[in-house]
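**Student:** Structure below; questions to follow.
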Amino acid sequence: MRLLLIALFALFLNACAGPQLRGTGDLGLIIERASGHVTLVNTTARQPYARIGGLGDLSHASAVYSRDGRYAFIFGRDGGLTKIDLLEAKIVKRIIQSGNAIGGSISQDGRIVVAQNYTPGGIKAFDADTLELLSEVPAEFAPGQLSKVVGLADTGGNRFAYALFDGGEIRVTDFSNPRQPTTQRFPAGSQPYDGLVTPDGRYFLAGLFGEDGVAMLDLWQPEKGARKILENYGRGQEKLPVFKMPHLRGWSVAQGKAYLPAIGRHEVLVVDVATWKEVGRIPVRGQPVFVMARPDGRQIWVNFAFPDNAKVDVIDTLAGKVVHAFEPGKGILHMEFAPRGENVWLSARDDNKVLIYNTENFAKLGEIPAESPSGIFFTSRAVRIGF
Amino acid sequence: MAAEPETARQKELVHLVRQDCGSCHGMALKGGLGPALLPETLRDKPAEGLAATIYYGRPGTPMPPWKAFLSEAEAAWIANKLMTLFPE
């Protein structure tokens with residue numbers, strides 16, 4: 001009996017010696033769009049630590065995080081929704097939730113994951129634990145007509161704001177009762193192509209493709225309706241062709257000013273967030289796609305649509321101009337800052353690697369091999385509104 | 001039909017369609033902001049019309065003109081490949 005106990009105790013000790021405890025604050029993932037893989041990375045070591053396959057069509061895929069940063073929810077183009085455990089480096093659950101999806105978001109309390117879909121146009125809410133479908137809200141804007149949904153963002157009170165590309169509306173759906181959501185509708189303008197919520201969660205902005213300007217809804221006073229700002233920013237007299245839709249998410253306020261991609265133009269717009277008026281334009285070397293502020297707001301990093309997608313411009317917000325312009329690699333699709341911004345990771349799709357740069361002196365710190373990398377998502381997103 | 005582009009150029013065009021057209025039409029060409037570009041959806045449309053859409057774009061929609069980057073013959077080659085089987 002005694003021997004048996006000792007043997008059992010030894011087993012028990014062995015089991016404990018298994019996985020090491022660790023936090024998740026310096027982890028993240030890289031989407032490898034062509035092959036349906038994600039590479040899991042550590043932003044302290046600046047190294048990959050695992051690779052997971054079987055995620056389907058990941059073109060345009062994006063990820064959101066559970067509030068403890070342990071689980072990533074990845075929305076694939078083919079309607080796949082995959083929950084990944086970053087600590088155990090494995091897929092926890094995977095479902096196909098629609099025919100064609102474009103991203104998603106997670107609720108303030110972390111319990112509800114919402115996917116936004118092109119076909120069938122609408123949004124769907126899932127239990128973040130089990131991925132069980134809780135409810136769906138079709139984006140019907142006229143009898144029998146469903147719109148593609150863009151710009152979905154979480155806001156306070158388990159409400160989600162989004163826009164209807166074909167329907168020209170902003171909508172706010174309240175999931176405080178997740179199985180019986182309620183939706184408010186606001187006319188917004190022609191062809192909203194993407195949206196964002198300000199870092200304080202107060203304003204939802206939808207960029208318009210079909211007309212000049214940006215539609216804005218004050219989520220603290222939604223009864224006032226959506227209004228148009230930056231009405232003359234736009235594509236100007238002659239509508240310029242746009243080779244890739246700019247992304248508004250990732251946008252950030254720096255020093256009381258917002259920096260936005262000017263659709264079709266080789267410019268970044270500077271907007272005063274107190275008045276929502278344009279206060280400047282900064283020339284850049286292509287049509288901006290992502291215009292992302294370093295977490296401290298001192299720098300804005302800009303990447304570009306085809307044919308300028310090898311270039312990256314860095315704006316110094318104090319100087320109000322581009323202070324560093326370089327060509328880090330082929331097909332720069334996405335950028336992600338380390339949680340406090342001391343370095344930035346860039347995906348170079350056509351070079352099959354992710355490049356890591358020091359943001360202070362622009363020195364290259366390293367690179368990570370990845371097959372056709374696109375989005376890079378760090379767990380610091382878990383604690384941010386609108387991510 | 002117009003002359004085939006050189007093999008090396010064909011590779012570039014395939015890459016362009018999958019990656020850069022793919023940002024709106026999906027890398028698997030099953031659709032996104034733009035419609036699916038698959039044989040099932042394109043087969044019954046006139047090839048010249050599709051080639052013209054690629055070359056000149058479609059004003060009033062996000063479909064941009066590609067004439068700064070392609071010749072008309074190349075647009076026709078892409079349209080034709082999309083209607084049959086687009087290379088990987």
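Chain lettering (A, B, ...) mirrors the order of the structure tokens, residue numbering begins at 1 for each chain separately, and ligand numbering begins at 1 in order of display.
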Tell me, counting only C-alpha atoms, for each residue of chain B within 10 Å of chain A, which pair of atoms is nearest and how far apart they are in Å to one decimal, in rows ordered by chain and increasing number, as a Markdown table.

**Tutor:**
```
| residue | atom | partner | partner_atom | distance |
| --- | --- | --- | --- | --- |
| B:His15 | CA | A:Asp350 | CA | 9.7 |
| B:Leu16 | CA | A:Phe306 | CA | 9.3 |
| B:Arg18 | CA | A:Ala34 | CA | 9.8 |
| B:Gln19 | CA | A:Ser59 | CA | 8.9 |
| B:Asp20 | CA | A:Phe306 | CA | 6.8 |
| B:Cys21 | CA | A:Phe243 | CA | 8.4 |
| B:Gly22 | CA | A:Ser59 | CA | 7.9 |
| B:Ser23 | CA | A:Lys244 | CA | 6.6 |
| B:Cys24 | CA | A:Lys244 | CA | 7.3 |
| B:Gly26 | CA | A:Ser59 | CA | 6.6 |
| B:Met27 | CA | A:Ser59 | CA | 6.0 |
| B:Ala28 | CA | A:Asp57 | CA | 7.6 |
| B:Lys30 | CA | A:Asn100 | CA | 8.2 |
| B:Gly31 | CA | A:Asn100 | CA | 7.6 |
| B:Gly32 | CA | A:Tyr118 | CA | 6.8 |
| B:Leu33 | CA | A:Tyr118 | CA | 7.5 |
| B:Gly57 | CA | A:Pro241 | CA | 8.5 |
| B:Arg58 | CA | A:Pro241 | CA | 9.8 |
| B:Pro59 | CA | A:Lys239 | CA | 8.8 |
| B:Gly60 | CA | A:Gly210 | CA | 7.1 |
| B:Thr61 | CA | A:Gly210 | CA | 7.7 |
| B:Pro62 | CA | A:Val242 | CA | 7.0 |
| B:Met63 | CA | A:Val242 | CA | 8.0 |
| B:Pro64 | CA | A:Pro241 | CA | 5.1 |
| B:Pro65 | CA | A:Pro241 | CA | 6.9 |
| B:Trp66 | CA | A:Phe243 | CA | 8.7 |
| B:Phe69 | CA | A:Pro307 | CA | 8.8 |
```

**Student:** Find the residues near B:Lys67: any atom within 7 Å, counting only C-alpha atoms, skip ones fewer than 3 places away on the same chain, and give them as number ranges by chain.

**Tutor:** B: 55-56, 70-71

**Student:** Leaving out B:Pro46 and any residue of its chain fewer than 4 positions from it, which residues lie within 12 Å of it when counting only C-alpha atoms, given as an NGL selection string?

**Tutor:** :B and (41-42 or 50-53 or 76 or 79-80 or 83)

**Student:** Could you jot down the atom CA of A:Val291 to atom CA of A:Asp351 separation for me, Å, one decimal place?

**Tutor:**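 Taking atom CA of A:Val291 as the start and atom CA of A:Asp351 as the end point, the length is 21.9 Å.
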
**Student:** Please report, as a ChimeraX atom specification, each residue of stretch 99-348 of chain A to which DSSP assigns strand (DSSP E) when run on this structure's backbone.

**Tutor:** /A:100-106,112-119,122-127,133-138,140-142,145-146,149-155,159-164,169-174,182-187,192-197,203-208,214-218,227-229,253-254,257-261,267-272,277-283,288-293,299-304,312-316,321-326,332-337,343-348

**Student:** So that I can check the surroundings of A:Arg46, please list as a short mmCIF file (atom, residue, chain, number, x, y, z; two decimals) with C-alpha atoms, in the first residue's frame every protein, DNA and RNA residue that reaches within 9 Å of it, counting only C-alpha atoms and ignoring chain neighbours fewer than 6 positions away.

**Tutor:**
```
data_model
loop_
_atom_site.label_atom_id
_atom_site.label_comp_id
_atom_site.auth_asym_id
_atom_site.auth_seq_id
_atom_site.Cartn_x
_atom_site.Cartn_y
_atom_site.Cartn_z
CA ILE A 356 10.35 43.00 -37.60
CA LEU A 365 15.51 43.26 -35.97
CA GLY A 366 14.69 40.00 -37.62
CA GLU A 367 12.30 38.03 -39.78
CA ILE A 368 10.04 35.02 -39.50
#
```

**Student:** Which one is closest to A:Asp154: A:Gly36, A:Gly110, A:Gly297, A:Pro120? Count only C-alpha atoms.

**Tutor:**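 Smallest distance to A:Asp154 is found for A:Gly110.
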
**Student:** Write out as a list in words the residues lying within 9 Å of stretch 319-322 of chain A, counting only C-alpha atoms and excluding same-chain residues fewer than 4 positions away.

**Tutor:**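 The contact residues come out as Gly280, Ile282, Pro283, Val284, Ile300, Asp313, Val314 and Ile315 of chain A.
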
**Student:** Have a look at atom CA of A:Phe75 and atom CA of A:Ala63 and let me know their distance in Å, one decimal.

**Tutor:** 6.2 Å

**Student:** Residues of stretch 5-76 of chain B classed as alpha helix (DSSP H) by DSSP on the backbone are to be reported as an MDAnalysis selection string.

**Tutor:** chainID B and resid 7:15 22:25 39:42 47:56 72:76

**Student:** Leaving out A:Asp68 and any residue of its chain fewer than 6 positions from it, which residues lie within 10 Å of it when counting only C-alpha atoms, given as a list in words?

**Tutor:**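 The neighbour list is Gly23, Thr24, Gly25, Gly110, Thr379, Ser380, Ala382 and Val383 of chain A.
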
**Student:** For the residues in that selection, give me N, CA, C and O atoms as a short mmCIF file (atom, residue, chain, number, x, y, z; two decimals), in the first residue's frame.

**Tutor:**
```cif
data_model
loop_
_atom_site.label_atom_id
_atom_site.label_comp_id
_atom_site.auth_asym_id
_atom_site.auth_seq_id
_atom_site.Cartn_x
_atom_site.Cartn_y
_atom_site.Cartn_z
N GLY A 23 1.90 33.56 -19.07
CA GLY A 23 0.84 34.49 -19.45
C GLY A 23 0.73 34.57 -20.95
O GLY A 23 1.48 33.92 -21.68
N THR A 24 -0.23 35.39 -21.43
CA THR A 24 -0.44 35.44 -22.88
C THR A 24 -0.16 36.82 -23.46
O THR A 24 -0.32 37.03 -24.65
N GLY A 25 0.25 37.77 -22.61
CA GLY A 25 0.35 39.16 -23.06
C GLY A 25 1.34 39.44 -24.17
O GLY A 25 1.24 40.46 -24.84
N GLY A 110 -16.92 39.78 -23.36
CA GLY A 110 -16.16 38.64 -23.85
C GLY A 110 -16.96 37.37 -24.08
O GLY A 110 -16.39 36.34 -24.43
N THR A 379 -2.10 39.65 -28.96
CA THR A 379 -3.12 39.55 -27.91
C THR A 379 -3.43 40.88 -27.24
O THR A 379 -4.43 40.99 -26.53
N SER A 380 -2.60 41.90 -27.47
CA SER A 380 -2.91 43.21 -26.90
C SER A 380 -4.25 43.73 -27.42
O SER A 380 -4.85 44.63 -26.83
N ALA A 382 -6.89 42.18 -27.22
CA ALA A 382 -7.94 41.66 -26.33
C ALA A 382 -8.54 42.75 -25.46
O ALA A 382 -9.71 42.68 -25.09
N VAL A 383 -7.75 43.74 -25.11
CA VAL A 383 -8.22 44.74 -24.13
C VAL A 383 -8.60 46.07 -24.79
O VAL A 383 -8.80 47.06 -24.11
#
```
